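Below you'll find the structure, written out as structure tokens, and then a few comments.
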Amino acid sequence: MEYKQIFENNQKWLEEKQRTDKEFFQKLSSGQHPDYLFIGCSDSRVTAEDLMGAQPGEVFIHRNIANLIPNNDNNSASVVEYAVKHLGVKHVVVCGHYLCGGIKAAMQAADLGILNPWLRNIRDVYRLHKEELNSISIEEKRYDRLVELNVQEQCLNIIKMAVWQKTFLSTGVPLIHGWVFDVRTGKLKDLRIDFNKELSSIREIYDLGTVTDNRS
Ligand code: CO
């Protein structure tokens, strides 16, 4: 795409929006009340709104390499905090994708400089699920499975956060979902992770005291 084309596209886009709804931008200006927080990969092929058919104002979005929510990452933690506590989203989605370059890089033995500590989060996921992953002999299938397990572990990272525990245990939302987008087919897949089960299995270790607070 030519650089100049972007501004011509923008002009066409805003005219189209105004044609369908005269007050479109007026409504947007009044604030945002998205129901969804989407945490996805920065990969240019995984365009959150496009693949969900979402409109401006409907999805709060955070994207980084390999859709991670690492411990001590102030950036993703702030996004979750703001979305859950202040915007009151009803759903938090972690969306990975097959053929993810970040996952691929973490599967290979290579020094990638500044990327090392970031990718180590994925290597940790590999280590946690080493037995299952190493039992998959076809490399492409192992790669696909690591994409899925990484999504699952990032969802668990949200479960470990006080803001989620506190909000969910007192209001029943937001629900957490793990998705994978298949770049090869365009299909969006819900991994249907049972988070009530996951929450109870890790609660004894990661409980931040909110359960007791809510029951008393
Ligand atoms: Co990716």
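Please note that chains go A, B, ... in the order of the structure tokens, that every chain numbers its residues from 1, and that ligands are numbered from 1 in the order shown.
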
Taking only C-alpha atoms and all ligand atoms into account, which residues are within 9 Å of ligand 1, as a tab-separated table (two decimals) with N, CA, C and O atoms, in the first residue's frame?
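Once everything was written out, this is selection_2.tsv:
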```tsv
chain	number	residue	atom	x	y	z
A	40	GLY	N	-4.18	-9.49	21.61
A	40	GLY	CA	-3.76	-10.30	20.48
A	40	GLY	C	-2.31	-10.07	20.12
A	40	GLY	O	-1.59	-9.31	20.79
A	41	CYS	N	-1.87	-10.73	19.06
A	41	CYS	CA	-0.49	-10.58	18.60
A	41	CYS	C	-0.39	-9.35	17.69
A	41	CYS	O	-1.35	-8.95	17.05
A	42	SER	N	0.80	-8.77	17.66
A	42	SER	CA	1.05	-7.60	16.80
A	42	SER	C	1.07	-7.96	15.31
A	42	SER	O	1.03	-7.07	14.47
A	43	ASP	N	1.14	-9.24	15.02
A	43	ASP	CA	1.20	-9.73	13.65
A	43	ASP	C	0.19	-9.00	12.75
A	43	ASP	O	-0.99	-8.90	13.08
A	44	SER	N	0.69	-8.51	11.61
A	44	SER	CA	-0.14	-7.69	10.71
A	44	SER	C	-1.33	-8.44	10.12
A	44	SER	O	-2.27	-7.84	9.61
A	45	ARG	N	-1.29	-9.78	10.22
A	45	ARG	CA	-2.38	-10.57	9.63
A	45	ARG	C	-3.53	-10.79	10.60
A	45	ARG	O	-4.58	-11.29	10.21
A	46	VAL	N	-3.31	-10.42	11.87
A	46	VAL	CA	-4.35	-10.67	12.88
A	46	VAL	C	-5.02	-9.36	13.27
A	46	VAL	O	-4.74	-8.77	14.31
A	64	ASN	N	0.70	-7.26	21.32
A	64	ASN	CA	2.15	-7.31	21.45
A	64	ASN	C	2.63	-8.61	20.81
A	64	ASN	O	1.81	-9.43	20.37
A	65	ILE	N	3.93	-8.81	20.78
A	65	ILE	CA	4.45	-10.02	20.16
A	65	ILE	C	3.99	-11.25	20.93
A	65	ILE	O	4.25	-11.37	22.13
A	66	ALA	N	3.25	-12.11	20.26
A	66	ALA	CA	2.77	-13.39	20.80
A	66	ALA	C	1.74	-13.26	21.91
A	66	ALA	O	1.59	-14.16	22.74
A	67	ASN	N	1.01	-12.15	21.92
A	67	ASN	CA	-0.11	-11.94	22.86
A	67	ASN	C	0.19	-12.41	24.28
A	67	ASN	O	-0.44	-13.33	24.79
A	96	GLY	N	-4.51	-15.87	20.24
A	96	GLY	CA	-3.26	-16.22	19.58
A	96	GLY	C	-3.53	-16.53	18.12
A	96	GLY	O	-4.66	-16.41	17.65
A	97	HIS	N	-2.51	-16.91	17.40
A	97	HIS	CA	-2.73	-17.30	16.01
A	97	HIS	C	-1.69	-18.31	15.57
A	97	HIS	O	-0.54	-18.26	16.00
A	98	TYR	N	-2.14	-19.25	14.72
A	98	TYR	CA	-1.21	-20.23	14.16
A	98	TYR	C	-0.22	-19.47	13.27
A	98	TYR	O	-0.52	-18.40	12.75
A	99	LEU	N	0.95	-20.05	13.09
A	99	LEU	CA	2.04	-19.45	12.31
A	99	LEU	C	2.57	-18.17	12.96
A	99	LEU	O	3.02	-17.25	12.26
A	100	CYS	N	2.49	-18.12	14.29
A	100	CYS	CA	2.97	-16.93	15.01
A	100	CYS	C	4.50	-16.93	15.05
A	100	CYS	O	5.14	-17.87	15.52
A	101	GLY	N	5.08	-15.87	14.54
A	101	GLY	CA	6.55	-15.74	14.49
A	101	GLY	C	7.19	-15.73	15.86
A	101	GLY	O	8.29	-16.27	16.04
A	102	GLY	N	6.52	-15.14	16.84
A	102	GLY	CA	7.05	-15.09	18.20
A	102	GLY	C	7.14	-16.49	18.81
A	102	GLY	O	8.13	-16.84	19.45
A	103	ILE	N	6.11	-17.29	18.58
A	103	ILE	CA	6.09	-18.66	19.09
A	103	ILE	C	7.17	-19.48	18.39
A	103	ILE	O	7.92	-20.22	19.02
A	104	LYS	N	7.27	-19.29	17.08
A	104	LYS	CA	8.28	-20.01	16.28
A	104	LYS	C	9.69	-19.69	16.80
A	104	LYS	O	10.51	-20.58	16.99
A	147	VAL	N	1.09	-22.71	20.34
A	147	VAL	CA	0.28	-21.50	20.16
A	147	VAL	C	-0.93	-21.56	21.09
A	147	VAL	O	-1.24	-20.61	21.81
```

Per residue of range 107-166 of chain A within 9 Å of range 191-196 of chain A, which atom pair is closest and at what distance in Å (one decimal), using only C-alpha atoms, listed by chain and increasing number, as a tab-separated table?
```
residue	atom	partner	partner_atom	distance
A:Glu148	CA	A:Leu191	CA	7.7
A:Val151	CA	A:Leu191	CA	8.9
A:Gln152	CA	A:Ile193	CA	7.3
A:Cys155	CA	A:Phe195	CA	8.6
A:Leu156	CA	A:Phe195	CA	8.3
A:Ile159	CA	A:Phe195	CA	8.5
```

Please, what distance in Å, to one decimal, runs between CA of Pro34 in chain A and CA of Lys90 in chain A?
->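 Computing it gives 8.5 Å between the two atoms.
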
Rounded to one decimal in Å, what is the spacing between CA of Leu119 in chain A and CA of Ala106 in chain A?
->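 If I compute the distance from CA of Leu119 in chain A to CA of Ala106 in chain A, I get 5.6 Å.
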
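Compared by their closest atoms to Ile39 in chain A, and using only C-alpha atoms, the residues A:Ala54, A:Ile205, A:Ile176, A:Val125 rank with A:Ile176 nearest.
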
Fewer than 3 positions away in the same chain doesn't count, so skip those; otherwise give me all residues within 12 Å of His129 in chain A, counting only C-alpha atoms, as a JSON list (two decimals) with N, CA and C atoms, in the first residue's frame.
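Result saved to around02.json:
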```json
[["chain", "number", "residue", "atom", "x", "y", "z"],
["A", 122, "ILE", "N", 7.46, -17.46, 26.58],
["A", 122, "ILE", "CA", 6.93, -18.57, 25.77],
["A", 122, "ILE", "C", 7.73, -19.85, 26.05],
["A", 123, "ARG", "N", 9.04, -19.68, 26.24],
["A", 123, "ARG", "CA", 9.87, -20.86, 26.59],
["A", 123, "ARG", "C", 9.39, -21.44, 27.92],
["A", 124, "ASP", "N", 8.94, -20.57, 28.83],
["A", 124, "ASP", "CA", 8.41, -21.04, 30.12],
["A", 124, "ASP", "C", 7.13, -21.86, 29.90],
["A", 125, "VAL", "N", 6.31, -21.41, 28.95],
["A", 125, "VAL", "CA", 5.09, -22.17, 28.62],
["A", 125, "VAL", "C", 5.49, -23.55, 28.09],
["A", 126, "TYR", "N", 6.51, -23.56, 27.24],
["A", 126, "TYR", "CA", 7.01, -24.83, 26.69],
["A", 126, "TYR", "C", 7.47, -25.74, 27.83],
["A", 132, "GLU", "N", 3.79, -32.98, 27.11],
["A", 132, "GLU", "CA", 2.80, -33.04, 26.04],
["A", 132, "GLU", "C", 3.40, -32.63, 24.70],
["A", 133, "LEU", "N", 4.13, -31.52, 24.71],
["A", 133, "LEU", "CA", 4.68, -30.98, 23.45],
["A", 133, "LEU", "C", 5.71, -31.93, 22.83],
["A", 134, "ASN", "N", 6.58, -32.48, 23.66],
["A", 134, "ASN", "CA", 7.61, -33.37, 23.12],
["A", 134, "ASN", "C", 7.05, -34.70, 22.62],
["A", 135, "SER", "N", 5.80, -35.01, 23.06],
["A", 135, "SER", "CA", 5.20, -36.25, 22.57],
["A", 135, "SER", "C", 4.58, -36.07, 21.18],
["A", 136, "ILE", "N", 4.53, -34.82, 20.71],
["A", 136, "ILE", "CA", 3.99, -34.57, 19.35],
["A", 136, "ILE", "C", 5.16, -34.63, 18.37],
["A", 142, "ARG", "N", 3.22, -29.59, 16.73],
["A", 142, "ARG", "CA", 3.79, -29.17, 18.02],
["A", 142, "ARG", "C", 3.75, -27.64, 18.11],
["A", 145, "ARG", "N", 0.24, -26.53, 18.71],
["A", 145, "ARG", "CA", -0.16, -26.80, 20.09],
["A", 145, "ARG", "C", 0.45, -25.79, 21.05],
["A", 146, "LEU", "N", 1.69, -25.37, 20.78],
["A", 146, "LEU", "CA", 2.32, -24.36, 21.64],
["A", 146, "LEU", "C", 1.58, -23.03, 21.53],
["A", 147, "VAL", "N", 1.09, -22.71, 20.34],
["A", 147, "VAL", "CA", 0.28, -21.50, 20.16],
["A", 147, "VAL", "C", -0.93, -21.56, 21.09],
["A", 148, "GLU", "N", -1.60, -22.74, 21.12],
["A", 148, "GLU", "CA", -2.80, -22.91, 21.95],
["A", 148, "GLU", "C", -2.46, -22.86, 23.45],
["A", 149, "LEU", "N", -1.39, -23.57, 23.83],
["A", 149, "LEU", "CA", -1.01, -23.61, 25.24],
["A", 149, "LEU", "C", -0.55, -22.23, 25.72],
["A", 150, "ASN", "N", 0.06, -21.47, 24.83],
["A", 150, "ASN", "CA", 0.46, -20.11, 25.20],
["A", 150, "ASN", "C", -0.77, -19.25, 25.49],
["A", 152, "GLN", "N", -3.64, -20.35, 26.55],
["A", 152, "GLN", "CA", -4.16, -20.84, 27.82],
["A", 152, "GLN", "C", -3.37, -20.26, 29.01],
["A", 153, "GLU", "N", -2.06, -20.27, 28.91],
["A", 153, "GLU", "CA", -1.23, -19.75, 30.01],
["A", 153, "GLU", "C", -1.41, -18.24, 30.19]]
```

Got a sec to tell me which of chain A DSSP assigns to strand (DSSP E), as a list in words?
->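 The strand (DSSP E) residues within chain A come out as Tyr36, Leu37, Phe38, Ile39, Gly40, Cys41, Val59, Phe60, Ile61, His62, Arg63, Asn64, His91, Val92, Val93, Val94, Cys95, Gly96, His97, Leu175, Ile176, His177, Gly178, Trp179, Val180, Phe181, Leu188, Lys189 and Asp190 of chain A.
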
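Counting only C-alpha atoms and comparing A:Trp118, A:Phe168, A:Trp13, A:Phe25, the residue that lies closest to Asn71 in chain A is A:Trp118.
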
Tell me which protein, DNA and RNA residues are within 10 Å of Leu51 in chain A, counting only C-alpha atoms, leaving out same-chain ones fewer than 2 positions away, and put them as a list in words.
->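 Skipping anything fewer than 2 positions along the chain leaves Arg45, Val46, Thr47, Ala48, Glu49, Gly53, Ala54, Phe181, Gly186, Lys187 and Leu188 of chain A.
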
Just give me the gap between CA of Met52 in chain A and CA of Pro70 in chain A in Å, one decimal is fine.
->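 Separation between CA of Met52 in chain A and CA of Pro70 in chain A: 24.9 Å.
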
Hey, which of A:Leu128, A:Leu14, A:Ile158, A:Val180 ends up closest to Ser78 in chain A? Count only C-alpha atoms.
->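 Ranked by minimum distance to Ser78 in chain A, first place goes to A:Ile158.
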
Tell me which protein, DNA and RNA residues are within 7 Å of Ala83 in chain A, counting only C-alpha atoms, leaving out same-chain ones fewer than 5 positions away, and put them as a list in words.
-> Leu37, Gly88 and Val89 of chain A

Residue nearest Glu58 in chain A - candidates A:Gln32, A:Asn10, A:Asn157, A:Ser137, atoms counted: only C-alpha atoms =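 Going through A:Gln32, A:Asn10, A:Asn157, A:Ser137 one by one, the smallest distance to Glu58 in chain A is for A:Gln32.
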
Those in range 44-190 of chain A with alpha helix (DSSP H) from DSSP, as a PyMOL selection string = chain A and resi 48-52+74-81+101-107+116-128+130-134+139-159+162-171

Distance criterion (only C-alpha atoms): nearest to Glu139 in chain A out of A:Thr20, A:Gln11, A:Gln108, A:Gln165 |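 Closest to Glu139 in chain A, using only C-alpha atoms: A:Gln108.
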